[in-house]
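Engineer: Dropping in structure_16.cif, with mmCIF, C-alpha atoms and all ligand atoms.
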data_data
#
loop_
_atom_site.label_atom_id
_atom_site.label_comp_id
_atom_site.auth_asym_id
_atom_site.auth_seq_id
_atom_site.Cartn_x
_atom_site.Cartn_y
_atom_site.Cartn_z
CA GLN A 1 -22.81 84.12 -51.74
CA ILE A 2 -21.69 82.85 -48.35
CA THR A 3 -24.43 82.19 -45.80
CA ALA A 4 -22.80 79.62 -43.51
CA CYS A 5 -19.48 79.00 -41.79
CA LEU A 6 -18.35 75.50 -40.79
CA PHE A 7 -15.57 75.32 -38.25
CA ASP A 8 -13.14 72.57 -37.42
CA LEU A 9 -12.49 72.50 -33.67
CA ASP A 10 -8.99 71.34 -32.72
CA GLY A 11 -6.39 73.87 -33.86
CA VAL A 12 -8.96 76.30 -35.32
CA LEU A 13 -11.17 77.34 -32.41
CA VAL A 14 -9.23 75.96 -29.47
CA ASP A 15 -5.62 75.18 -28.72
CA THR A 16 -6.11 71.44 -28.24
CA ALA A 17 -3.84 70.41 -31.12
CA VAL A 18 -0.89 70.64 -28.72
CA TYR A 19 -2.59 68.26 -26.25
CA HIS A 20 -3.36 65.73 -28.97
CA TYR A 21 0.27 65.90 -30.11
CA LYS A 22 1.65 65.49 -26.59
CA ALA A 23 -0.58 62.48 -25.84
CA TRP A 24 0.21 60.74 -29.16
CA ARG A 25 3.94 61.44 -28.89
CA ASP A 26 4.09 59.92 -25.39
CA LEU A 27 2.15 56.89 -26.57
CA ALA A 28 4.36 56.45 -29.66
CA ASN A 29 7.49 56.76 -27.54
CA SER A 30 6.16 54.13 -25.13
CA LEU A 31 5.97 51.79 -28.14
CA GLY A 32 9.56 52.67 -29.05
CA ILE A 33 8.44 54.80 -32.00
CA ASP A 34 9.96 58.22 -32.71
CA PHE A 35 7.25 60.75 -33.44
CA THR A 36 8.05 64.23 -34.73
CA GLU A 37 6.01 67.38 -35.20
CA GLU A 38 6.18 66.76 -38.94
CA ASP A 39 4.71 63.26 -38.47
CA ASN A 40 1.99 64.91 -36.40
CA GLU A 41 0.68 66.90 -39.41
CA ARG A 42 -0.62 63.57 -40.78
CA LEU A 43 -2.69 63.01 -37.64
CA LYS A 44 -4.48 66.36 -37.70
CA GLY A 45 -8.14 66.02 -38.59
CA VAL A 46 -8.18 62.21 -38.68
CA SER A 47 -9.99 59.94 -36.23
CA ARG A 48 -8.48 58.53 -33.07
CA VAL A 49 -8.09 54.98 -34.38
CA ARG A 50 -6.75 56.15 -37.74
CA SER A 51 -4.20 58.27 -35.86
CA LEU A 52 -2.92 55.16 -34.10
CA GLU A 53 -2.74 53.27 -37.40
CA ILE A 54 -0.57 56.05 -38.85
CA ILE A 55 1.76 55.95 -35.82
CA LEU A 56 2.10 52.17 -36.15
CA GLU A 57 2.82 52.60 -39.88
CA ILE A 58 5.57 55.10 -39.02
CA GLY A 59 7.06 52.60 -36.56
CA GLY A 60 6.60 49.64 -38.89
CA GLN A 61 4.51 47.84 -36.29
CA THR A 62 1.18 46.02 -36.32
CA LEU A 63 -1.05 45.22 -33.37
CA ASP A 64 -4.29 43.29 -32.97
CA GLN A 65 -7.65 45.06 -32.78
CA GLU A 66 -8.04 44.63 -29.03
CA LYS A 67 -4.62 46.09 -28.23
CA MET A 68 -5.31 49.01 -30.58
CA LEU A 69 -8.59 49.83 -28.85
CA ALA A 70 -6.84 49.70 -25.47
CA LEU A 71 -4.15 52.11 -26.68
CA CYS A 72 -6.80 54.49 -28.08
CA GLU A 73 -8.48 54.45 -24.66
CA GLN A 74 -5.14 55.13 -22.99
CA LYS A 75 -4.40 58.08 -25.27
CA ASN A 76 -7.85 59.54 -24.70
CA THR A 77 -7.51 59.24 -20.93
CA GLU A 78 -4.25 61.22 -21.05
CA TYR A 79 -5.77 63.76 -23.43
CA LEU A 80 -8.84 64.24 -21.23
CA LYS A 81 -6.60 65.12 -18.27
CA ASP A 82 -5.50 68.20 -20.22
CA VAL A 83 -9.05 68.90 -21.43
CA ALA A 84 -10.28 68.84 -17.82
CA GLN A 85 -7.95 71.79 -17.07
CA MET A 86 -9.15 73.80 -20.07
CA THR A 87 -10.64 77.27 -19.67
CA PRO A 88 -11.89 79.92 -22.13
CA ALA A 89 -8.26 81.16 -22.12
CA GLU A 90 -7.49 78.34 -24.55
CA ILE A 91 -9.81 79.71 -27.20
CA LEU A 92 -7.53 80.79 -30.06
CA PRO A 93 -7.00 84.50 -30.88
CA GLY A 94 -9.83 86.31 -32.66
CA VAL A 95 -12.29 83.40 -32.41
CA VAL A 96 -14.86 84.91 -30.05
CA ASP A 97 -14.94 88.28 -31.84
CA PHE A 98 -15.32 86.60 -35.22
CA LEU A 99 -18.12 84.29 -34.02
CA LYS A 100 -19.95 87.30 -32.54
CA THR A 101 -19.61 89.21 -35.82
CA LEU A 102 -20.91 86.25 -37.80
CA LYS A 103 -23.96 86.05 -35.53
CA GLN A 104 -24.65 89.78 -35.94
CA GLU A 105 -24.46 89.34 -39.72
CA GLY A 106 -26.98 86.50 -39.57
CA MET A 107 -24.52 83.85 -40.75
CA LEU A 108 -25.26 80.26 -39.80
CA ILE A 109 -22.53 78.48 -37.83
CA ALA A 110 -21.77 74.77 -37.58
CA LEU A 111 -19.03 72.61 -36.13
CA GLY A 112 -17.41 69.96 -38.35
CA SER A 113 -14.97 68.02 -36.20
CA ALA A 114 -13.54 64.49 -36.15
CA SER A 115 -13.40 64.57 -32.36
CA LYS A 116 -15.67 62.56 -30.11
CA ASN A 117 -14.79 65.05 -27.36
CA ALA A 118 -16.04 68.09 -29.29
CA GLN A 119 -19.20 68.78 -27.28
CA LEU A 120 -17.29 68.55 -23.99
CA ILE A 121 -14.62 70.98 -25.21
CA LEU A 122 -17.20 73.49 -26.49
CA GLU A 123 -18.92 73.34 -23.10
CA ARG A 124 -15.69 73.78 -21.13
CA THR A 125 -14.62 76.79 -23.16
CA GLY A 126 -18.07 78.39 -23.27
CA LEU A 127 -18.33 78.27 -27.08
CA LEU A 128 -21.31 75.91 -27.35
CA GLY A 129 -23.94 78.66 -27.61
CA TYR A 130 -22.57 80.01 -30.91
CA PHE A 131 -23.38 76.86 -32.89
CA ASP A 132 -26.54 76.23 -34.89
CA ALA A 133 -25.44 72.65 -35.60
CA ILE A 134 -22.77 70.29 -34.32
CA ILE A 135 -21.42 67.43 -36.40
CA ASP A 136 -18.55 65.55 -34.79
CA GLY A 137 -16.80 62.21 -34.50
CA ARG A 138 -19.95 60.63 -33.05
CA HIS A 139 -22.01 61.42 -36.16
CA VAL A 140 -19.79 60.43 -39.09
CA ILE A 141 -18.78 57.14 -40.63
CA ASN A 142 -16.14 58.41 -43.04
CA GLY A 143 -13.40 60.63 -41.66
CA LYS A 144 -11.76 63.61 -43.37
CA PRO A 145 -10.67 63.88 -46.25
CA ASP A 146 -14.11 62.36 -46.95
CA PRO A 147 -16.55 65.30 -47.16
CA GLU A 148 -19.22 63.62 -44.97
CA VAL A 149 -18.73 65.77 -41.86
CA PHE A 150 -19.10 69.04 -43.79
CA LEU A 151 -21.94 67.84 -46.05
CA LYS A 152 -23.86 66.77 -42.94
CA GLY A 153 -23.15 70.19 -41.41
CA ALA A 154 -24.53 72.00 -44.47
CA GLU A 155 -27.57 69.74 -44.47
CA ALA A 156 -28.22 70.37 -40.77
CA LEU A 157 -28.09 74.12 -41.45
CA GLY A 158 -30.27 73.77 -44.56
CA VAL A 159 -27.72 75.39 -46.89
CA GLN A 160 -26.05 74.33 -50.13
CA PRO A 161 -22.32 73.46 -50.13
CA GLU A 162 -21.51 76.37 -52.49
CA ASN A 163 -22.80 78.78 -49.85
CA CYS A 164 -20.49 77.39 -47.14
CA VAL A 165 -17.00 78.32 -46.01
CA VAL A 166 -14.97 75.80 -44.01
CA PHE A 167 -12.21 76.81 -41.57
CA GLU A 168 -9.53 74.13 -41.25
CA ASP A 169 -5.98 73.67 -39.90
CA ALA A 170 -5.51 70.10 -41.18
CA VAL A 171 -4.47 68.97 -44.65
CA ALA A 172 -7.11 66.21 -44.50
CA GLY A 173 -9.70 68.81 -43.45
CA VAL A 174 -8.92 71.20 -46.32
CA GLU A 175 -9.25 68.24 -48.69
CA ALA A 176 -12.59 67.32 -47.09
CA ALA A 177 -13.88 70.87 -47.64
CA LYS A 178 -12.79 70.85 -51.27
CA ASN A 179 -14.33 67.38 -51.76
CA ALA A 180 -17.59 68.84 -50.37
CA GLY A 181 -17.51 71.61 -53.00
CA MET A 182 -17.06 74.33 -50.37
CA ARG A 183 -14.76 77.35 -50.05
CA CYS A 184 -12.00 76.80 -47.53
CA VAL A 185 -9.99 79.10 -45.27
CA GLY A 186 -6.80 77.36 -44.15
CA VAL A 187 -5.62 78.21 -40.63
CA GLY A 188 -1.86 77.82 -40.39
CA GLU A 189 0.99 77.78 -42.90
CA PRO A 190 0.31 78.50 -46.63
CA GLU A 191 2.94 75.90 -47.65
CA THR A 192 1.16 73.15 -45.67
CA LEU A 193 -2.40 74.14 -46.63
CA ALA A 194 -1.82 74.90 -50.32
CA MET A 195 -5.25 73.55 -51.36
CA ALA A 196 -7.15 76.17 -49.32
CA ASP A 197 -8.62 79.24 -51.10
CA ILE A 198 -6.91 81.55 -48.63
CA VAL A 199 -4.73 80.89 -45.59
CA VAL A 200 -4.74 82.91 -42.36
CA LYS A 201 -2.58 82.70 -39.27
CA ASP A 202 -5.62 82.84 -36.99
CA MET A 203 -9.12 84.33 -36.76
CA THR A 204 -7.79 87.84 -36.04
CA GLU A 205 -7.15 87.99 -39.79
CA MET A 206 -10.78 87.18 -40.67
CA SER A 207 -13.60 89.63 -41.35
CA VAL A 208 -17.00 89.59 -42.99
CA ALA A 209 -15.50 91.55 -45.90
CA ARG A 210 -13.00 88.76 -46.48
CA LEU A 211 -15.81 86.18 -46.38
CA ARG A 212 -17.74 88.16 -49.00
CA GLU A 213 -14.62 88.33 -51.18
CA LEU A 214 -14.28 84.58 -50.89
CA GLY A 215 -17.89 84.23 -52.06
CA GLN A 216 -16.98 86.06 -55.29
CA LYS A 217 -14.10 83.68 -56.09
C1 LIG B 1 -9.40 65.99 -34.68
C2 LIG B 1 -7.95 66.19 -34.31
O1 LIG B 1 -10.07 67.20 -34.56
O2 LIG B 1 -10.02 65.03 -33.84
C3 LIG B 1 -7.23 64.86 -34.28
O3 LIG B 1 -7.34 67.05 -35.26
C4 LIG B 1 -7.98 63.89 -33.37
O4 LIG B 1 -5.92 65.06 -33.83
C5 LIG B 1 -9.41 63.74 -33.85
O5 LIG B 1 -7.35 62.62 -33.39
C6 LIG B 1 -10.22 62.78 -32.98
O6 LIG B 1 -10.36 63.35 -31.70
P1 LIG B 1 -10.83 62.58 -30.40
O7 LIG B 1 -10.99 63.71 -29.42
O8 LIG B 1 -12.12 61.91 -30.73
O9 LIG B 1 -9.78 61.62 -30.04
MG MG B 2 -8.05 70.63 -36.64
#
Do you think you could lay out the structure here as structure tokens?
Ligand code: BG6
Ligand code: MG

Structural biologist:
Amino acid sequence: QITACLFDLDGVLVDTAVYHYKAWRDLANSLGIDFTEEDNERLKGVSRVRSLEIILEIGGQTLDQEKMLALCEQKNTEYLKDVAQMTPAEILPGVVDFLKTLKQEGMLIALGSASKNAQLILERTGLLGYFDAIIDGRHVINGKPDPEVFLKGAEALGVQPENCVVFEDAVAGVEAAKNAGMRCVGVGEPETLAMADIVVKDMTEMSVARLRELGQK
């Protein structure tokens, strides 16, 4: 039986995945590294510094710690310029209706995000009030695909992993959910998110009936 829903943020609730991509692509290009949308799939769900490591791997480059931290700062500054312009219009389709339905049904709701900007984004888009617990990049040591972020979310809600469903758009995030022993709804392409229990295009395809079905699986 499903009693709690754990949501990833970027690319599931809000349309920030495009801003992350733009900021990383510009930074990669400034280092003389080509960075495609396909490369970008590897960055989804992983921490800021790990994202930079992957870009440097793609470019066959290495940099010292200090330079890496400076580049992470630079990327975040660019990213935050887009975040500062964000409005509730950037909430993805079906999200608000689905969150409202979950509340009416008495489901518990938590955030499980790698982002250190999660709280700020939830505030800007007016989504903060829906969450019973928030676990984000400031609270975890091990990034996705490690299950830590979702296990901490379940613990904060006081529910067992088998009673949780995770919503994820990232390959690393789907893996994290599975590693946590939770059901997982992939948000995106079925080919990319093959490990998820079901895959939807967006939250307009979700309903409480579908959650219940997932609980029977
Ligand atoms: C994840 C995104 O949600 O958060 C990643 O999918 C991002 O692309 C990561 O790198 C960390 O985010 P932030 O906001 O702390 O740089
Ligand atoms: Mg995501």

Engineer: Using all atoms listed in the file, pick whichever of A:Glu73, A:Glu53, A:Asp10, A:Glu41 has the shortest atom-to-atom distance to ligand MG 2 (chain B).

Structural biologist: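 Of A:Glu73, A:Glu53, A:Asp10, A:Glu41, the one nearest ligand MG 2 (chain B), counting all atoms listed in the file, is A:Asp10.
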
Engineer: Excluding Pro145 of chain A and residues on its chain fewer than 3 positions from it, collect all residues at most 9 Å away from it, counting only C-alpha atoms, and give them as a PDB file with C-alpha atoms, keeping the file's coordinate frame.

Structural biologist:
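Generated output (result-v3.pdb):
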ATOM      1  CA  GLY A  45      -8.140  66.020 -38.590  1.00  0.00           C
ATOM      2  CA  VAL A  46      -8.180  62.210 -38.680  1.00  0.00           C
ATOM      3  CA  ASN A 142     -16.140  58.410 -43.040  1.00  0.00           C
ATOM      4  CA  GLU A 148     -19.220  63.620 -44.970  1.00  0.00           C
ATOM      5  CA  VAL A 171      -4.470  68.970 -44.650  1.00  0.00           C
ATOM      6  CA  ALA A 172      -7.110  66.210 -44.500  1.00  0.00           C
ATOM      7  CA  GLY A 173      -9.700  68.810 -43.450  1.00  0.00           C
ATOM      8  CA  VAL A 174      -8.920  71.200 -46.320  1.00  0.00           C
ATOM      9  CA  GLU A 175      -9.250  68.240 -48.690  1.00  0.00           C
ATOM     10  CA  ALA A 176     -12.590  67.320 -47.090  1.00  0.00           C
ATOM     11  CA  ALA A 177     -13.880  70.870 -47.640  1.00  0.00           C
ATOM     12  CA  LYS A 178     -12.790  70.850 -51.270  1.00  0.00           C
ATOM     13  CA  ASN A 179     -14.330  67.380 -51.760  1.00  0.00           C
TER      14      ASN A 179
END

Engineer: Counting all atoms listed in the file, what is within 12 Å of Pro93 of chain A, bar same-chain residues fewer than 2 positions away, as a list in words?

Structural biologist: Gly11, Val12, Leu13, Val14, Asp15, Pro88, Ala89, Glu90, Ile91, Val95, Val96, Asp97, Phe98, Leu99, Val187, Val200, Lys201, Asp202, Met203, Thr204, Glu205 and Met206 of chain A

Engineer: Please check which protein, DNA or RNA residues sit within 7 Å of ligand LIG 1 (chain B), counting all atoms listed in the file, and write them as a PyMOL selection string.

Structural biologist: chain A and resi 8-10+17+20+43-48+51+76+113-118+137+170

Engineer: Do you know which residues are at most 10 Å from Thr3 of chain A counting all atoms listed in the file, after dropping those on the same chain fewer than 6 positions away, and could you put them as a ChimeraX atom specification?

Structural biologist: /A:102,105-109,157,159-165,211-212,215

Engineer: Write the residues of the preceding selection, restricted to C-alpha atoms, as a PDB file, in the frame of the given file.

Structural biologist:
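Ended up saving to part31.pdb:
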ATOM      1  CA  LEU A 102     -20.910  86.250 -37.800  1.00  0.00           C
ATOM      2  CA  GLU A 105     -24.460  89.340 -39.720  1.00  0.00           C
ATOM      3  CA  GLY A 106     -26.980  86.500 -39.570  1.00  0.00           C
ATOM      4  CA  MET A 107     -24.520  83.850 -40.750  1.00  0.00           C
ATOM      5  CA  LEU A 108     -25.260  80.260 -39.800  1.00  0.00           C
ATOM      6  CA  ILE A 109     -22.530  78.480 -37.830  1.00  0.00           C
ATOM      7  CA  LEU A 157     -28.090  74.120 -41.450  1.00  0.00           C
ATOM      8  CA  VAL A 159     -27.720  75.390 -46.890  1.00  0.00           C
ATOM      9  CA  GLN A 160     -26.050  74.330 -50.130  1.00  0.00           C
ATOM     10  CA  PRO A 161     -22.320  73.460 -50.130  1.00  0.00           C
ATOM     11  CA  GLU A 162     -21.510  76.370 -52.490  1.00  0.00           C
ATOM     12  CA  ASN A 163     -22.800  78.780 -49.850  1.00  0.00           C
ATOM     13  CA  CYS A 164     -20.490  77.390 -47.140  1.00  0.00           C
ATOM     14  CA  VAL A 165     -17.000  78.320 -46.010  1.00  0.00           C
ATOM     15  CA  LEU A 211     -15.810  86.180 -46.380  1.00  0.00           C
ATOM     16  CA  ARG A 212     -17.740  88.160 -49.000  1.00  0.00           C
ATOM     17  CA  GLY A 215     -17.890  84.230 -52.060  1.00  0.00           C
TER      18      GLY A 215
END

Engineer: Need to verify the contact set: Ala28 of chain A, 9 Å, all atoms listed in the file, exclusion of same-chain residues closer than 3 positions in sequence. Can you return it as a list in words?

Structural biologist: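 The residues that qualify are Ala23, Trp24, Arg25, Leu31, Gly32, Ile33, Asp34, Phe35, Leu52, Ile55, Leu56 and Gly59 of chain A.
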
Engineer: Counting all atoms listed in the file, figure out which residue out of A:Asp82, A:Asp169, A:Asp64, A:Glu57 gets nearest to ligand MG 2 (chain B).

Structural biologist: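 Comparing A:Asp82, A:Asp169, A:Asp64, A:Glu57 against ligand MG 2 (chain B), the winner is A:Asp169.
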
Engineer: Need the shell around Asp197 of chain A: protein/DNA/RNA residues with any atom at most 7 Å away, counting only C-alpha atoms. Skip same-chain ones fewer than 3 positions apart. Format as an MDAnalysis selection string?

Structural biologist: chainID A and resid 183:185

Engineer: Work out how far apart atom CA of Gly112 of chain A and atom CA of Gly186 of chain A are and give it in Å to one decimal.

Structural biologist: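 Atom CA of Gly112 of chain A sits 14.2 Å away from atom CA of Gly186 of chain A.
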
Engineer: Nearest to ligand MG 2 (chain B) among A:Leu111, A:Ala4, A:Val49, A:Ile141, with distances taken over all atoms listed in the file: which residue is it?

Structural biologist: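 Using all atoms listed in the file, the shortest distance to ligand MG 2 (chain B) belongs to A:Leu111.
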
Engineer: Which residue, A:Ile121, A:Ala156, A:Ile135, A:Leu151, has the smallest gap to Ala84 of chain A when you use all atoms listed in the file?

Structural biologist: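 Smallest distance to Ala84 of chain A is found for A:Ile121.
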
Engineer: With distances taken over all atoms listed in the file, which residue among A:Val83, A:Cys5, A:Val18, A:Ala154 lies nearest ligand MG 2 (chain B)?

Structural biologist: A:Val18

Engineer: Just checking: using all atoms listed in the file, which residue out of A:Asp146, A:Glu189, A:Asp26, A:Glu168 ends up closest to Gln74 of chain A?

Structural biologist: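 Of the candidates, the smallest distance to Gln74 of chain A is held by A:Asp26.
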
Engineer: Please measure the separation of atom CA of Phe167 of chain A and atom CA of Leu6 of chain A, giving the value in Å to one decimal.

Structural biologist: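 That distance, rounded to one decimal, is 6.3 Å.
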
Engineer: Could you jot down the atom CA of Leu122 of chain A to atom MG of ligand MG 2 (chain B) separation for me, Å, one decimal place?

Structural biologist: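 Between these atoms lies a distance of 14.0 Å.
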
Engineer: Please supply segment 11-22 of chain A, rebuilt with all heavy atoms, as a PDB file, keeping the file's coordinate frame.

Structural biologist:
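Saved to part_10.pdb:
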ATOM      1  N   GLY A  11      -7.374  73.119 -33.082  1.00  0.00           N
ATOM      2  CA  GLY A  11      -6.390  73.870 -33.860  1.00  0.00           C
ATOM      3  C   GLY A  11      -6.981  75.034 -34.648  1.00  0.00           C
ATOM      4  O   GLY A  11      -6.246  75.794 -35.271  1.00  0.00           O
ATOM      5  N   VAL A  12      -8.310  75.171 -34.638  1.00  0.00           N
ATOM      6  CA  VAL A  12      -8.960  76.300 -35.320  1.00  0.00           C
ATOM      7  C   VAL A  12      -9.645  77.200 -34.287  1.00  0.00           C
ATOM      8  O   VAL A  12      -9.453  78.406 -34.269  1.00  0.00           O
ATOM      9  CB  VAL A  12      -9.974  75.823 -36.381  1.00  0.00           C
ATOM     10  CG1 VAL A  12     -10.815  76.986 -36.892  1.00  0.00           C
ATOM     11  CG2 VAL A  12      -9.237  75.165 -37.544  1.00  0.00           C
ATOM     12  N   LEU A  13     -10.448  76.576 -33.428  1.00  0.00           N
ATOM     13  CA  LEU A  13     -11.170  77.340 -32.410  1.00  0.00           C
ATOM     14  C   LEU A  13     -10.456  77.288 -31.063  1.00  0.00           C
ATOM     15  O   LEU A  13     -10.437  78.265 -30.319  1.00  0.00           O
ATOM     16  CB  LEU A  13     -12.595  76.793 -32.241  1.00  0.00           C
ATOM     17  CG  LEU A  13     -13.499  76.847 -33.481  1.00  0.00           C
ATOM     18  CD1 LEU A  13     -14.849  76.207 -33.172  1.00  0.00           C
ATOM     19  CD2 LEU A  13     -13.690  78.285 -33.955  1.00  0.00           C
ATOM     20  N   VAL A  14      -9.898  76.137 -30.767  1.00  0.00           N
ATOM     21  CA  VAL A  14      -9.230  75.960 -29.470  1.00  0.00           C
ATOM     22  C   VAL A  14      -7.851  75.330 -29.643  1.00  0.00           C
ATOM     23  O   VAL A  14      -7.579  74.630 -30.614  1.00  0.00           O
ATOM     24  CB  VAL A  14     -10.072  75.068 -28.503  1.00  0.00           C
ATOM     25  CG1 VAL A  14     -11.311  75.802 -28.035  1.00  0.00           C
ATOM     26  CG2 VAL A  14     -10.442  73.748 -29.168  1.00  0.00           C
ATOM     27  N   ASP A  15      -7.023  75.580 -28.638  1.00  0.00           N
ATOM     28  CA  ASP A  15      -5.620  75.180 -28.720  1.00  0.00           C
ATOM     29  C   ASP A  15      -5.394  73.747 -28.239  1.00  0.00           C
ATOM     30  O   ASP A  15      -4.474  73.479 -27.475  1.00  0.00           O
ATOM     31  CB  ASP A  15      -4.810  76.173 -27.854  1.00  0.00           C
ATOM     32  CG  ASP A  15      -3.374  76.257 -28.324  1.00  0.00           C
ATOM     33  OD1 ASP A  15      -3.052  75.636 -29.351  1.00  0.00           O
ATOM     34  OD2 ASP A  15      -2.579  76.935 -27.653  1.00  0.00           O
ATOM     35  N   THR A  16      -6.234  72.830 -28.676  1.00  0.00           N
ATOM     36  CA  THR A  16      -6.110  71.440 -28.240  1.00  0.00           C
ATOM     37  C   THR A  16      -5.134  70.628 -29.075  1.00  0.00           C
ATOM     38  O   THR A  16      -4.750  69.526 -28.669  1.00  0.00           O
ATOM     39  CB  THR A  16      -7.480  70.728 -28.329  1.00  0.00           C
ATOM     40  OG1 THR A  16      -8.079  71.137 -29.549  1.00  0.00           O
ATOM     41  CG2 THR A  16      -8.368  71.051 -27.156  1.00  0.00           C
ATOM     42  N   ALA A  17      -4.742  71.163 -30.248  1.00  0.00           N
ATOM     43  CA  ALA A  17      -3.840  70.410 -31.120  1.00  0.00           C
ATOM     44  C   ALA A  17      -2.553  70.029 -30.368  1.00  0.00           C
ATOM     45  O   ALA A  17      -2.024  68.927 -30.544  1.00  0.00           O
ATOM     46  CB  ALA A  17      -3.514  71.214 -32.378  1.00  0.00           C
ATOM     47  N   VAL A  18      -2.105  70.916 -29.488  1.00  0.00           N
ATOM     48  CA  VAL A  18      -0.890  70.640 -28.720  1.00  0.00           C
ATOM     49  C   VAL A  18      -1.092  69.478 -27.736  1.00  0.00           C
ATOM     50  O   VAL A  18      -0.174  68.688 -27.505  1.00  0.00           O
ATOM     51  CB  VAL A  18      -0.391  71.888 -27.954  1.00  0.00           C
ATOM     52  CG1 VAL A  18       0.153  72.927 -28.914  1.00  0.00           C
ATOM     53  CG2 VAL A  18      -1.478  72.488 -27.081  1.00  0.00           C
ATOM     54  N   TYR A  19      -2.307  69.363 -27.185  1.00  0.00           N
ATOM     55  CA  TYR A  19      -2.590  68.260 -26.250  1.00  0.00           C
ATOM     56  C   TYR A  19      -2.681  66.923 -26.978  1.00  0.00           C
ATOM     57  O   TYR A  19      -2.210  65.899 -26.492  1.00  0.00           O
ATOM     58  CB  TYR A  19      -3.912  68.511 -25.502  1.00  0.00           C
ATOM     59  CG  TYR A  19      -3.933  69.766 -24.678  1.00  0.00           C
ATOM     60  CD1 TYR A  19      -5.095  70.519 -24.582  1.00  0.00           C
ATOM     61  CD2 TYR A  19      -2.807  70.184 -23.980  1.00  0.00           C
ATOM     62  CE1 TYR A  19      -5.134  71.669 -23.813  1.00  0.00           C
ATOM     63  CE2 TYR A  19      -2.836  71.340 -23.221  1.00  0.00           C
ATOM     64  CZ  TYR A  19      -4.005  72.082 -23.140  1.00  0.00           C
ATOM     65  OH  TYR A  19      -4.048  73.213 -22.392  1.00  0.00           O
ATOM     66  N   HIS A  20      -3.321  66.956 -28.162  1.00  0.00           N
ATOM     67  CA  HIS A  20      -3.360  65.730 -28.970  1.00  0.00           C
ATOM     68  C   HIS A  20      -1.929  65.270 -29.283  1.00  0.00           C
ATOM     69  O   HIS A  20      -1.595  64.101 -29.137  1.00  0.00           O
ATOM     70  CB  HIS A  20      -4.097  65.982 -30.296  1.00  0.00           C
ATOM     71  CG  HIS A  20      -5.590  65.937 -30.202  1.00  0.00           C
ATOM     72  ND1 HIS A  20      -6.283  64.792 -29.863  1.00  0.00           N
ATOM     73  CD2 HIS A  20      -6.529  66.880 -30.428  1.00  0.00           C
ATOM     74  CE1 HIS A  20      -7.587  65.046 -29.884  1.00  0.00           C
ATOM     75  NE2 HIS A  20      -7.759  66.316 -30.223  1.00  0.00           N
ATOM     76  N   TYR A  21      -1.119  66.229 -29.722  1.00  0.00           N
ATOM     77  CA  TYR A  21       0.270  65.900 -30.110  1.00  0.00           C
ATOM     78  C   TYR A  21       1.038  65.305 -28.936  1.00  0.00           C
ATOM     79  O   TYR A  21       1.671  64.248 -29.071  1.00  0.00           O
ATOM     80  CB  TYR A  21       0.973  67.168 -30.640  1.00  0.00           C
ATOM     81  CG  TYR A  21       2.455  66.974 -30.905  1.00  0.00           C
ATOM     82  CD1 TYR A  21       2.915  65.906 -31.689  1.00  0.00           C
ATOM     83  CD2 TYR A  21       3.402  67.844 -30.366  1.00  0.00           C
ATOM     84  CE1 TYR A  21       4.267  65.719 -31.920  1.00  0.00           C
ATOM     85  CE2 TYR A  21       4.753  67.667 -30.604  1.00  0.00           C
ATOM     86  CZ  TYR A  21       5.182  66.601 -31.374  1.00  0.00           C
ATOM     87  OH  TYR A  21       6.531  66.413 -31.604  1.00  0.00           O
ATOM     88  N   LYS A  22       0.929  65.949 -27.774  1.00  0.00           N
ATOM     89  CA  LYS A  22       1.650  65.490 -26.590  1.00  0.00           C
ATOM     90  C   LYS A  22       1.227  64.050 -26.235  1.00  0.00           C
ATOM     91  O   LYS A  22       2.073  63.189 -25.992  1.00  0.00           O
ATOM     92  CB  LYS A  22       1.327  66.438 -25.432  1.00  0.00           C
ATOM     93  CG  LYS A  22       2.115  66.211 -24.166  1.00  0.00           C
ATOM     94  CD  LYS A  22       2.158  67.492 -23.330  1.00  0.00           C
ATOM     95  CE  LYS A  22       0.827  67.862 -22.692  1.00  0.00           C
ATOM     96  NZ  LYS A  22       0.523  67.227 -21.420  1.00  0.00           N
TER      97      LYS A  22
END
